[in-house]
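Working notes, beginning with the structure itself.
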There are 4 protein chains.
Amino acid sequence: MPGNTFGHSLRITTWGESHGTAVGVVVDGVPAGLKLSEEDIQKDLDRRRPGQSEVSTPRSETDTVEILSGVFEGMTTGCPVSMLVWNRNANPNAYDYIRDIPRPGHADLFYQEKYGIRDHRGGGRSSGRETIGRVAAGAIAKKLLSLHGVEVLAHVIELGGVKAGSVTFTGIRENVEKTPVRCADPQAAEKMLEQVRLARNEGDSIGGIVEIIVTGVPAGIGEPVFSKLDADIAAALMSIGAVKGVEIGLGFECTRMKGSQMNDAFVIDDASIIPDTNNAGGIIGGLSTGLPVICRIAVKPTPSISKSQRSVNMAQMSEVDIEIHGRHDPTIPPRMVPVAEAMMALVIADHMIRSGWIGPESLMK
Amino acid sequence: MPGNTFGHSLRITTWGESHGTAVGVVVDGVPAGLKLSEEDIQKDLDRRRPGQSEVSTPRSETDTVEILSGVFEGMTTGCPVSMLVWNRNANPNAYDYIRDIPRPGHADLFYQEKYGIRDHRGGGRSSGRETIGRVAAGAIAKKLLSLHGVEVLAHVIELGGVKAGSVTFTGIRENVEKTPVRCADPQAAEKMLEQVRLARNEGDSIGGIVEIIVTGVPAGIGEPVFSKLDADIAAALMSIGAVKGVEIGLGFECTRMKGSQMNDAFVIDDASIIPDTNNAGGIIGGLSTGLPVICRIAVKPTPSISKSQRSVNMAQMSEVDIEIHGRHDPTIPPRMVPVAEAMMALVIADHMIRSGWIGPESLMK
Amino acid sequence: MPGNTFGHSLRITTWGESHGTAVGVVVDGVPAGLKLSEEDIQKDLDRRRPGQSEVSTPRSETDTVEILSGVFEGMTTGCPVSMLVWNRNANPNAYDYIRDIPRPGHADLFYQEKYGIRDHRGGGRSSGRETIGRVAAGAIAKKLLSLHGVEVLAHVIELGGVKAGSVTFTGIRENVEKTPVRCADPQAAEKMLEQVRLARNEGDSIGGIVEIIVTGVPAGIGEPVFSKLDADIAAALMSIGAVKGVEIGLGFECTRMKGSQMNDAFVIDDASIIPDTNNAGGIIGGLSTGLPVICRIAVKPTPSISKSQRSVNMAQMSEVDIEIHGRHDPTIPPRMVPVAEAMMALVIADHMIRSGWIGPESLMK
Amino acid sequence: MPGNTFGHSLRITTWGESHGTAVGVVVDGVPAGLKLSEEDIQKDLDRRRPGQSEVSTPRSETDTVEILSGVFEGMTTGCPVSMLVWNRNANPNAYDYIRDIPRPGHADLFYQEKYGIRDHRGGGRSSGRETIGRVAAGAIAKKLLSLHGVEVLAHVIELGGVKAGSVTFTGIRENVEKTPVRCADPQAAEKMLEQVRLARNEGDSIGGIVEIIVTGVPAGIGEPVFSKLDADIAAALMSIGAVKGVEIGLGFECTRMKGSQMNDAFVIDDASIIPDTNNAGGIIGGLSTGLPVICRIAVKPTPSISKSQRSVNMAQMSEVDIEIHGRHDPTIPPRMVPVAEAMMALVIADHMIRSGWIGPESLMK
């Protein structure tokens, strides 16, 4: 069973390779009656696209989205929304040198082993460019959620070892886009930027941590025991290339705490029962608690580096050295921010439809 | 869409509540021709069952499994394998005091909010007892995998802040079951045990970290881009109660590394190309690399503690204090070891069938 | 990917073999807050069970259902409902003679070819006894539907070439259970019964047609373009053993009509727009029209007959003659009535949940 | 849960409306290493496209397919194959008169009721143009099957009451495309054509029956008990617009037979056991028998007719008469032939992958 479809009640199928004709997505299950235009999608694609700043690859793509179906007179119809982005700045020949030499830290070798063939150009399907479909679909999910009072926001909280200070949700919303590293703490952002420059100058790369916060999720979302909200979030985020860890709430930190410290006590607030603290990160027993959903992902340093690395020429079966001089990002977390938001939004919207919080059929009724 | 089914080519559906009649599982997709008896299942259930040692709850259950279908003359037939365990030592009245008072850190309140009704006895469906079905199904997956050279092993590597020293795979296999804390480093195990006793004496609880290792997975397992091997593992492990984080390979640690440090170089070994190191934890680009799959899960401290905690009486809408004196574990990771192995084995077996490494139909052909 | 799970928002997984330990079903997605007891299930199982009358097999089974999970204090909890029926009157040795000799018209040979092993006793998993799980699950679906004004009713409209006269829905409800052939036209029923007796006396069997009618389905149920209501109904009914055809509304008859005859004109009725006639059988374009859903299934004559037939001894690879003297029904349609109702009810309930007509979570809210 | 995805191991997602920008399909699970070009797809699209002959709509579309992903240097890569066809001859304004007036026999009213909005132009998503995606995907399935010795062929066996005489499989292959009605019996084809002309001249339409035959399917394909081969075929075919019935083998005819007549006896043929006759139509107990799979579908007369019909103006809630003068086919079965082949091929290929007869990963290994 293949793996290019994600979600249940809101379901996306992505397709496309880095240097093929185009990349795209089909989004099925979008409730009818949602106002939707290319601009709604484009603004998130613009946050994802290459060439935005010094922290991203210089590949020049406008990544202009086209909506091909599912929207009629500015409204979704309940039919699948198909979207695509043409690959304009493809430069396939630039990758001839990796046709036979898999890049360390990349999926090249394993695609070759799995399928017996691969589109080697820019990583083909395993390229970060694959996330365009996710971001386009996520933009629809975000619009749908915002109509139901749910907001999804991600930001870089650590980059190259530099940790951001604590920031409020409002602070994130206001500041995260002001710096190319997408860190909402301006002082830390400056230091992170310095780390990015250092790494690039060394022909190396750095990793970091992205935090995703969702406000407004009602209590009781999630489907025990296997499609728990945190299980689906973990899958969604871990499916993004370069992510090596996911944690919810206090995550790994809580393993060193006592139960009496970790448990969120219940209190009455405005006639409803809520947890007094949010150590759990908004999810307990796989169900949302009504407090913000908070999770963090570990993003490895970009595997493409110009420093010399050891690899193997598969055609000649000889060990060789490789330096990767294609266009690539010195660090991934800043560009992963919109991707992480998209995947999170898709999971939350899917579960809100599954739970009946968002009508499965029409916003017009 | 409900959530009690997991997997694709090997698919389990679990059912049952902590103090209901029974708990069980239906396993669909077990290839025909696998020798299978209750003993194969029972040995893992015995590792999971309560009352094993001082680190687990004193609830006394033999947890004897019955296979009700899918096995004929000692062999699986390709038809669904239904298994159940009767709840013998159920003590439902012991839970009357939590009918109206949700326990902090537990799912009680959120089941109530989601469903408008809940079986409050021992947590009902959200109890750790739900994992019996997972472990029973996992035992079949493990047997299937072992026939194909794949071994799954979990161990506790940190408990109550005590970290285990480095241990070899063989060392884990030989030592992990020698101590009730399931830590393969005997010195650390002693200290962990001390932490468990301290916590219990304080009426408190501790958390920890479990590592799961899989050897023998061929390269190329996993289905990009959403059913990547690590995405499915993350979902599987995060779906276990009390898990708050999952990481693969170096996980969060790699966020502080350079690309040149993190990337696993490729070398030729015995005429095949393999990564020289295993920082990636056996998975790159969502595909297995041929090296051991390694991941770790963060397990929160047991939410059931006898220390007084603040909660709310839902019937009276008044804030109250609650002390939980039912039977419970002072720490979860030791008992989670067989559960984590089971979920991991289910994911790996599912993907090996999906990829054609294990025939979907019959081992007899 | 295995095939023992059916449905999406209301999802059943069945298990068990004819002469194994038990047969059963897990029903996932039952909304919380439905009053449910064994009696609700038993009444449909009693209509399905063997030994009811001269038209069914003399195997003596009470088929007493046990609900093992998902119901608390008489109400469903939203957790999976597991049900089983023990096989009491199993007589496995009676089937030794077919261990090596596949019965014509049965799946014996093809299970053997597919799986390399089979439980030959009474057909194992391919036995009509497999439908117990369907009927038990269907009883829940029917109860859920009846709360929402939907009623499902099946009846035999042709048996051994004898056609029933036209009967009203009320007439079916009142008369169908008065005769062992489950035909609501008493005169035709007498003639059908005569055909059954003739066939049995000859050691032969007869087939027939069952019609299923659903009233109260709101307009707009169904999910184009692949999970159309008629597509899912066709799959559900064709998945029942011995069914060789499914038609909706006028079905094959409409192939000889003109468009001007077949089309159902629209009229205004009580301020809503409805089709004036129901040639379409309540489904157009894969969506319910608001008129009764009507379909018919072709049921082949029972393949088990005591007349001599040609087969092959698989062990000796020699052609042999076989007479089947086990307990079997001389005709299937009368006993298929509750099974067809169950499958239809499961599809309709699933789609009403998918479309938001039945809340996915709780009837208590 | 939405419905625009079909299949399990070979899975298609279609999108697009009749007069929108384009229509298309994403095919996931195509094994790597299949030689594939636009020509492979185009030849079936050409059989489906409008304007081929006097029996089809005069809408002029070349329906030129573009492959956007999943093929590299002429070979499939195992990644999703995305294909689209632009709508060139869209004439949306021609449909203004049906914006408020649902056409009898069409889904217009029910889309409006389900979604609260619809793309009324040419039926939008419910148009026969939706089948382009099916045919394009089916062409891949057919190519894959042909490499494994499986051939799928459909032909019209009855049209407007004219029945075709018996034809051999070879006869079908050779003659079916020689006549615009796609009936392999030339004499009957002439009479059918006459019926088409008569109907068109009357401003009316006629229905018919299409038979689909698959040769070369190995025994044991299908996944009991819900994803039986015939169940999945029934769903696949019933999901095509205008289909009102599906039957396998003798279908409804067998309901009037005795078991002794219907059962296919087993004989030894060339050292293997096969049914001596094929009354079952190649499927028993939901599994393929090794003989040709044979099924028939009932296709209703085209609902679009220029004869006056009664309908309702939804905006004014008044009863009105409507005459449909858009471009439409006087009869559907001839153009349904490639669509039915496509759906059948998709089901068979899906099940052959599920059963391991076609490798899930690569044809290159």
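Going through the structure tokens in order, the chains are called A, B, and so on, while each chain numbers its residues from 1 and the ligands are numbered from 1 in the order shown.
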Would you give me, as a tab-separated table, each residue of chain A having an atom within 9 Å of an atom of chain D, along with its shortest atom pair and that distance in Å to one decimal, using only C-alpha atoms and sorting by chain and residue number?
```
residue	atom	partner	partner_atom	distance
A:Met1	CA	D:Ser9	CA	4.0
A:Pro2	CA	D:Gly29	CA	4.9
A:Gly3	CA	D:Asp28	CA	7.7
A:Asn4	CA	D:Asp28	CA	6.8
A:Thr5	CA	D:Asp28	CA	8.5
A:His8	CA	D:Met1	CA	5.9
A:Ser9	CA	D:Met1	CA	4.0
A:Leu10	CA	D:Met1	CA	7.0
A:Arg11	CA	D:Pro2	CA	7.7
A:Thr13	CA	D:Thr13	CA	7.6
A:Thr14	CA	D:Pro80	CA	7.9
A:Trp15	CA	D:Pro80	CA	5.6
A:Gly16	CA	D:Ser69	CA	5.0
A:Glu17	CA	D:Ser69	CA	6.5
A:Gly20	CA	D:Ser69	CA	6.3
A:Thr21	CA	D:Leu68	CA	5.4
A:Ala22	CA	D:Leu68	CA	6.1
A:Val23	CA	D:Ser69	CA	7.6
A:Gly24	CA	D:Ser82	CA	8.6
A:Val25	CA	D:Val26	CA	8.9
A:Val26	CA	D:Trp15	CA	7.4
A:Asp28	CA	D:Pro2	CA	6.1
A:Gly29	CA	D:Pro2	CA	4.9
A:Val30	CA	D:Pro2	CA	8.6
A:Pro31	CA	D:Tyr115	CA	8.0
A:Ala32	CA	D:Tyr115	CA	5.7
A:Gly33	CA	D:Ile117	CA	7.0
A:Ile67	CA	D:Thr21	CA	8.4
A:Leu68	CA	D:Thr21	CA	5.4
A:Ser69	CA	D:Gly16	CA	5.0
A:Gly70	CA	D:Gly16	CA	6.9
A:Val71	CA	D:Asp119	CA	8.3
A:Phe72	CA	D:Asp119	CA	6.0
A:Glu73	CA	D:Asp119	CA	8.5
A:Met75	CA	D:Ile117	CA	8.5
A:Thr76	CA	D:Ile117	CA	8.4
A:Thr77	CA	D:Arg118	CA	5.8
A:Gly78	CA	D:Tyr115	CA	6.2
A:Cys79	CA	D:Arg125	CA	7.0
A:Pro80	CA	D:Trp15	CA	5.6
A:Val81	CA	D:Trp15	CA	7.2
A:Ser82	CA	D:Trp15	CA	6.6
A:Lys114	CA	D:Glu361	CA	6.9
A:Tyr115	CA	D:Ser362	CA	5.4
A:Gly116	CA	D:Met364	CA	6.1
A:Ile117	CA	D:Thr77	CA	6.0
A:Arg118	CA	D:Thr77	CA	5.8
A:Asp119	CA	D:Phe72	CA	6.0
A:Arg125	CA	D:Cys79	CA	7.1
A:Ile353	CA	D:Met1	CA	8.8
A:Arg354	CA	D:Met1	CA	7.9
A:Pro360	CA	D:Met1	CA	7.8
A:Glu361	CA	D:Tyr115	CA	5.8
A:Ser362	CA	D:Tyr115	CA	5.4
A:Leu363	CA	D:Gly116	CA	8.4
A:Met364	CA	D:Gly116	CA	6.1
A:Lys365	CA	D:Gly116	CA	6.6
```
For the selection you just gave me, I'd like the residues written to a file as a PDB file, in the first residue's frame, keeping C-alpha atoms.
```
ATOM      1  CA  MET A   1       0.000   0.000   0.000  1.00  0.00           C
ATOM      2  CA  PRO A   2       1.512   3.260  -1.131  1.00  0.00           C
ATOM      3  CA  GLY A   3       2.006   6.300   1.086  1.00  0.00           C
ATOM      4  CA  ASN A   4       1.241   9.531  -0.714  1.00  0.00           C
ATOM      5  CA  THR A   5      -2.142  10.121   0.882  1.00  0.00           C
ATOM      6  CA  HIS A   8      -9.116  10.679   6.841  1.00  0.00           C
ATOM      7  CA  SER A   9     -11.965  13.173   6.750  1.00  0.00           C
ATOM      8  CA  LEU A  10      -9.725  15.811   5.232  1.00  0.00           C
ATOM      9  CA  ARG A  11      -7.392  13.938   2.968  1.00  0.00           C
ATOM     10  CA  THR A  13      -2.594  13.292  -1.908  1.00  0.00           C
ATOM     11  CA  THR A  14       0.647  14.918  -2.994  1.00  0.00           C
ATOM     12  CA  TRP A  15       2.721  14.267  -6.092  1.00  0.00           C
ATOM     13  CA  GLY A  16       5.707  15.624  -7.952  1.00  0.00           C
ATOM     14  CA  GLU A  17       9.472  15.702  -8.011  1.00  0.00           C
ATOM     15  CA  GLY A  20      10.024  17.212 -12.843  1.00  0.00           C
ATOM     16  CA  THR A  21       7.266  19.132 -14.612  1.00  0.00           C
ATOM     17  CA  ALA A  22       5.335  20.285 -11.577  1.00  0.00           C
ATOM     18  CA  VAL A  23       4.427  19.467  -7.990  1.00  0.00           C
ATOM     19  CA  GLY A  24       0.928  19.433  -6.578  1.00  0.00           C
ATOM     20  CA  VAL A  25      -1.736  18.137  -4.291  1.00  0.00           C
ATOM     21  CA  VAL A  26      -5.339  17.002  -4.348  1.00  0.00           C
ATOM     22  CA  ASP A  28     -10.402  15.855  -0.694  1.00  0.00           C
ATOM     23  CA  GLY A  29     -12.987  16.537   1.979  1.00  0.00           C
ATOM     24  CA  VAL A  30     -12.841  20.320   2.017  1.00  0.00           C
ATOM     25  CA  PRO A  31     -16.301  21.312   3.231  1.00  0.00           C
ATOM     26  CA  ALA A  32     -18.372  23.137   0.644  1.00  0.00           C
ATOM     27  CA  GLY A  33     -18.937  26.836   1.024  1.00  0.00           C
ATOM     28  CA  ILE A  67      -6.309  25.923  -8.405  1.00  0.00           C
ATOM     29  CA  LEU A  68      -7.626  23.515 -11.027  1.00  0.00           C
ATOM     30  CA  SER A  69     -10.818  22.175  -9.490  1.00  0.00           C
ATOM     31  CA  GLY A  70     -13.174  22.178  -6.538  1.00  0.00           C
ATOM     32  CA  VAL A  71     -13.757  25.927  -6.461  1.00  0.00           C
ATOM     33  CA  PHE A  72     -16.707  27.530  -8.221  1.00  0.00           C
ATOM     34  CA  GLU A  73     -17.410  31.239  -8.214  1.00  0.00           C
ATOM     35  CA  MET A  75     -16.328  28.989  -3.148  1.00  0.00           C
ATOM     36  CA  THR A  76     -15.355  25.405  -2.497  1.00  0.00           C
ATOM     37  CA  THR A  77     -17.953  22.937  -3.747  1.00  0.00           C
ATOM     38  CA  GLY A  78     -17.176  19.885  -1.624  1.00  0.00           C
ATOM     39  CA  CYS A  79     -15.410  18.329  -4.617  1.00  0.00           C
ATOM     40  CA  PRO A  80     -11.653  17.702  -4.559  1.00  0.00           C
ATOM     41  CA  VAL A  81      -9.443  20.770  -4.790  1.00  0.00           C
ATOM     42  CA  SER A  82      -6.531  20.108  -7.117  1.00  0.00           C
ATOM     43  CA  LYS A 114      13.718   0.340  -2.721  1.00  0.00           C
ATOM     44  CA  TYR A 115      12.602   1.085  -6.258  1.00  0.00           C
ATOM     45  CA  GLY A 116      15.575   0.002  -8.373  1.00  0.00           C
ATOM     46  CA  ILE A 117      15.322   3.379 -10.116  1.00  0.00           C
ATOM     47  CA  ARG A 118      15.193   6.959  -8.972  1.00  0.00           C
ATOM     48  CA  ASP A 119      14.848  10.469 -10.277  1.00  0.00           C
ATOM     49  CA  ARG A 125      10.505  12.947  -4.789  1.00  0.00           C
ATOM     50  CA  ILE A 353     -14.292  17.167  11.026  1.00  0.00           C
ATOM     51  CA  ARG A 354     -14.088  13.612  12.350  1.00  0.00           C
ATOM     52  CA  PRO A 360     -18.348  17.408   6.920  1.00  0.00           C
ATOM     53  CA  GLU A 361     -20.434  18.828   4.141  1.00  0.00           C
ATOM     54  CA  SER A 362     -21.111  22.463   3.949  1.00  0.00           C
ATOM     55  CA  LEU A 363     -20.368  25.702   5.684  1.00  0.00           C
ATOM     56  CA  MET A 364     -23.387  27.151   3.903  1.00  0.00           C
ATOM     57  CA  LYS A 365     -26.016  25.241   5.801  1.00  0.00           C
TER      58      LYS A 365
END
```
**Q.** Leu229 of chain A environment, 10 Å, only C-alpha atoms, sequence neighbours closer than 6 positions dropped, as a list of chain:residue names
**A.**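 Residues meeting the cut-off are A:Gly220, A:Ile221, A:Gly222, A:Glu223, A:Gly282, A:Ile283, A:Ile284, A:Gly285, A:Gly286, A:Leu287, A:Ser288, A:Val293, A:Val347, A:Ile348, A:His351, B:Ala235, B:Met238, B:Ser239.
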For the residues selected in the previous step, produce a file with N, CA, C and O atoms as a tab-separated table (two decimals), in the first residue's frame.
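Final output, saved to part.tsv:
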```tsv
chain	number	residue	atom	x	y	z
A	220	GLY	N	-11.56	17.28	23.70
A	220	GLY	CA	-12.18	16.03	23.24
A	220	GLY	C	-11.90	15.65	21.81
A	220	GLY	O	-12.48	14.71	21.28
A	221	ILE	N	-10.98	16.36	21.15
A	221	ILE	CA	-10.61	16.00	19.77
A	221	ILE	C	-9.56	14.88	19.81
A	221	ILE	O	-8.62	14.94	20.60
A	222	GLY	N	-9.67	13.93	18.93
A	222	GLY	CA	-8.75	12.79	18.89
A	222	GLY	C	-9.56	11.50	18.91
A	222	GLY	O	-10.70	11.50	19.38
A	223	GLU	N	-8.99	10.43	18.34
A	223	GLU	CA	-9.73	9.17	18.26
A	223	GLU	C	-8.93	8.03	18.88
A	223	GLU	O	-8.13	7.38	18.21
A	282	GLY	N	-1.58	20.26	26.00
A	282	GLY	CA	-2.90	20.31	25.38
A	282	GLY	C	-3.47	18.97	24.97
A	282	GLY	O	-4.55	18.92	24.37
A	283	ILE	N	-2.78	17.88	25.29
A	283	ILE	CA	-3.28	16.55	24.91
A	283	ILE	C	-3.05	15.57	26.05
A	283	ILE	O	-1.91	15.42	26.52
A	284	ILE	N	-4.10	14.93	26.50
A	284	ILE	CA	-3.98	13.87	27.52
A	284	ILE	C	-4.81	12.68	27.05
A	284	ILE	O	-5.95	12.84	26.61
A	285	GLY	N	-4.23	11.50	27.16
A	285	GLY	CA	-4.95	10.30	26.74
A	285	GLY	C	-5.30	10.33	25.26
A	285	GLY	O	-6.22	9.65	24.83
A	286	GLY	N	-4.58	11.13	24.52
A	286	GLY	CA	-4.83	11.22	23.08
A	286	GLY	C	-5.93	12.18	22.70
A	286	GLY	O	-6.25	12.33	21.52
A	287	LEU	N	-6.50	12.86	23.69
A	287	LEU	CA	-7.58	13.82	23.43
A	287	LEU	C	-7.12	15.22	23.78
A	287	LEU	O	-6.36	15.43	24.73
A	288	SER	N	-7.61	16.18	23.04
A	288	SER	CA	-7.29	17.57	23.35
A	288	SER	C	-7.94	17.95	24.68
A	288	SER	O	-9.02	17.45	25.02
A	293	VAL	N	-2.47	23.31	22.10
A	293	VAL	CA	-1.65	22.16	21.73
A	293	VAL	C	-0.25	22.69	21.43
A	293	VAL	O	-0.10	23.63	20.64
A	347	VAL	N	-3.89	18.02	10.46
A	347	VAL	CA	-4.29	17.04	11.48
A	347	VAL	C	-5.45	17.59	12.32
A	347	VAL	O	-6.44	16.89	12.56
A	348	ILE	N	-5.33	18.83	12.75
A	348	ILE	CA	-6.38	19.39	13.61
A	348	ILE	C	-7.70	19.51	12.83
A	348	ILE	O	-8.77	19.15	13.33
A	351	HIS	N	-9.29	16.10	12.38
A	351	HIS	CA	-9.92	15.61	13.61
A	351	HIS	C	-11.15	16.42	13.99
A	351	HIS	O	-12.10	15.87	14.55
B	235	ALA	N	3.80	7.45	15.13
B	235	ALA	CA	2.38	7.31	15.46
B	235	ALA	C	2.15	6.12	16.39
B	235	ALA	O	1.42	6.21	17.37
B	238	MET	N	3.64	6.94	19.89
B	238	MET	CA	2.94	8.05	20.55
B	238	MET	C	1.52	7.64	20.93
B	238	MET	O	0.91	8.25	21.80
B	239	SER	N	1.00	6.61	20.28
B	239	SER	CA	-0.36	6.18	20.62
B	239	SER	C	-0.42	5.38	21.92
B	239	SER	O	-1.51	5.06	22.40
```
Q | Straight-line distance linking atom CA of Ser227 of chain A with atom CA of Pro338 of chain B, stated in Å to one decimal | A | 20.6 Å
Q) For Arg182 of chain B, which of B:Val156, B:Leu237, B:Ala137, B:Val225 is the closest residue, counting only C-alpha atoms? A)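 Using only C-alpha atoms, the shortest distance to Arg182 of chain B belongs to B:Val156.
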Q | Members of segment 100-264 of chain D assigned alpha helix (DSSP H) by DSSP, as a ChimeraX atom specification | A | /D:108-115,131-147,169-175,186-201,229-238,259-262
Q.
Applying 9 Å and only C-alpha atoms, which residues near Glu54 of chain A remain after dropping the ones on its own chain fewer than 2 positions away? List them as a list in words.
A.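 After dropping sequence-adjacent residues, the list is Gly51, Gln52, Ser56, Thr57, Pro58, Pro180, Val196, Arg197, Asp329 and Pro330 of chain A.
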Q. Please, what distance in Å, to one decimal, runs between atom CA of Pro102 of chain D and atom CA of Val312 of chain D?
A.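 Computing it gives 7.0 Å between the two atoms.
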Q) Do you know which residues are at most 12 Å from Leu291 of chain B counting only C-alpha atoms, after dropping those on the same chain fewer than 2 positions away, and could you put them as a PyMOL selection string? A) (chain A and resi 110) or (chain B and resi 150+213-221+249+264+266+273-284+287-289+293-294)
(Q) At a cut-off of 8 Å, using only C-alpha atoms, what residues contact Thr331 of chain C? Leave out same-chain residues fewer than 3 positions from it and give the result as a ChimeraX atom specification. (A) /C:55-56,196,205-207,301-302,334
Q. If you measure from atom CA of Ile212 of chain C to atom CA of Glu130 of chain C, what distance in Å do you get, rounded to one decimal?
A. 20.4 Å
Q: Name the residues in contact with Glu158 of chain D at a cut-off of 9 Å, using only C-alpha atoms, excluding same-chain residues fewer than 4 positions from it; report them as JSON, numbers by chain.
A: {"C": [255, 256], "D": [162, 163, 164, 183, 188, 192, 207, 208, 209, 210, 333]}
With N, CA and C atoms retained, export the selected residues as an mmCIF file, in the first residue's frame.
```cif
data_model
loop_
_atom_site.group_PDB
_atom_site.id
_atom_site.type_symbol
_atom_site.label_atom_id
_atom_site.label_comp_id
_atom_site.auth_asym_id
_atom_site.auth_seq_id
_atom_site.Cartn_x
_atom_site.Cartn_y
_atom_site.Cartn_z
ATOM 1 N N THR C 255 -32.444 -0.990 -18.814
ATOM 2 C CA THR C 255 -31.595 -0.993 -20.016
ATOM 3 C C THR C 255 -32.433 -1.109 -21.283
ATOM 4 N N ARG C 256 -33.690 -1.501 -21.100
ATOM 5 C CA ARG C 256 -34.577 -1.626 -22.269
ATOM 6 C C ARG C 256 -35.555 -0.455 -22.373
ATOM 7 N N VAL D 162 -31.712 -4.529 -28.305
ATOM 8 C CA VAL D 162 -31.085 -5.433 -29.281
ATOM 9 C C VAL D 162 -29.958 -6.200 -28.604
ATOM 10 N N LYS D 163 -30.062 -7.514 -28.625
ATOM 11 C CA LYS D 163 -29.035 -8.341 -27.979
ATOM 12 C C LYS D 163 -28.008 -8.813 -29.006
ATOM 13 N N ALA D 164 -26.760 -8.833 -28.579
ATOM 14 C CA ALA D 164 -25.705 -9.372 -29.438
ATOM 15 C C ALA D 164 -25.734 -10.887 -29.372
ATOM 16 N N CYS D 183 -20.115 -3.161 -30.285
ATOM 17 C CA CYS D 183 -20.691 -4.498 -30.148
ATOM 18 C C CYS D 183 -19.938 -5.397 -31.119
ATOM 19 N N ALA D 188 -25.788 -7.506 -35.022
ATOM 20 C CA ALA D 188 -26.458 -6.823 -33.908
ATOM 21 C C ALA D 188 -26.040 -5.362 -33.868
ATOM 22 N N MET D 192 -28.347 -2.122 -33.487
ATOM 23 C CA MET D 192 -28.175 -1.204 -32.355
ATOM 24 C C MET D 192 -28.028 0.235 -32.865
ATOM 25 N N GLY D 207 -30.693 2.721 -23.318
ATOM 26 C CA GLY D 207 -29.711 2.101 -22.417
ATOM 27 C C GLY D 207 -29.207 0.789 -22.976
ATOM 28 N N GLY D 208 -28.451 0.080 -22.190
ATOM 29 C CA GLY D 208 -27.927 -1.196 -22.648
ATOM 30 C C GLY D 208 -27.093 -1.903 -21.614
ATOM 31 N N ILE D 209 -26.440 -2.946 -22.053
ATOM 32 C CA ILE D 209 -25.649 -3.777 -21.144
ATOM 33 C C ILE D 209 -24.233 -3.921 -21.693
ATOM 34 N N VAL D 210 -23.260 -3.724 -20.809
ATOM 35 C CA VAL D 210 -21.858 -3.899 -21.184
ATOM 36 C C VAL D 210 -21.314 -5.113 -20.432
ATOM 37 N N PRO D 333 -23.619 3.241 -23.296
ATOM 38 C CA PRO D 333 -22.790 2.031 -23.261
ATOM 39 C C PRO D 333 -21.566 2.024 -24.164
#
```
Q: Quick one: everything within 12 Å of Leu45 of chain A, counting only C-alpha atoms, minus sequence neighbours fewer than 2 positions away in the same chain. Send it as a VMD selection string.
A: chain A and resid 24 38 to 43 47 to 50 52 61 to 66 83 to 85 129 131 to 140 335 to 339 341 to 342
Q: Mind listing the strand (DSSP E or B) residues of segment 44-267 of chain B, per DSSP on the backbone, as a ChimeraX atom specification?
A: /B:65-67,71-72,75-76,81-86,151-159,162-163,206,208-215,223,225,227,243-248,258,266-267
